[in-house]
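Student: My structure is below; once you've seen it, I'll send some questions.
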Amino acid sequence: MAGVGLLVSDLIISFMWVWSGTLNSIFVYNILGFGRHEPSGEVIKCMLSILVLFFFAFLGKITKGGAYNPLTVLADAISGDFRHFIFNVGARIPAQ
């Protein structure tokens, strides 16, 4: 049953990761009103991006292994046994 939980958390976290960059840009440039080439807007965007990274690290911790990066899942799959490899390559990476 833990495998299904990892698949669902991978799917949700990956979806959130893809949209986080776009929503970050929309928030900084459209809602806060910074220009696209203003240094202050870029600084705010970088600070929000760092906060997003901490948020996704927290999500990975509370989901007990949920990931948004298929390369980290692949590295974990290669270092495990064959059953673990098949689960990661056959289910977790496509879920992302």
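Lettering and numbering for the structure tokens are positional, with chains as A, B, ... in the shown order, residues counted from 1 in each chain, and ligands counted from 1 in the shown order.
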Per DSSP on the backbone, what are the helix (DSSP H, G or I) residues of region 34-79 of chain A, as a ChimeraX atom specification?
Tutor: /A:39-62,70-79
Student: Need to verify the contact set: Ile93 (chain A), 9 Å, only C-alpha atoms, exclusion of same-chain residues closer than 2 positions in sequence. Can you return it as a ChimeraX atom specification?
Tutor: /A:7,10,69-71,73-74,87-91,95-96
Student: Applying 12 Å and only C-alpha atoms, which residues near Gly41 (chain A) remain after dropping the ones on its own chain fewer than 3 positions away? List them as a PyMOL selection string.
Tutor: chain A and resi 24-38+44-48
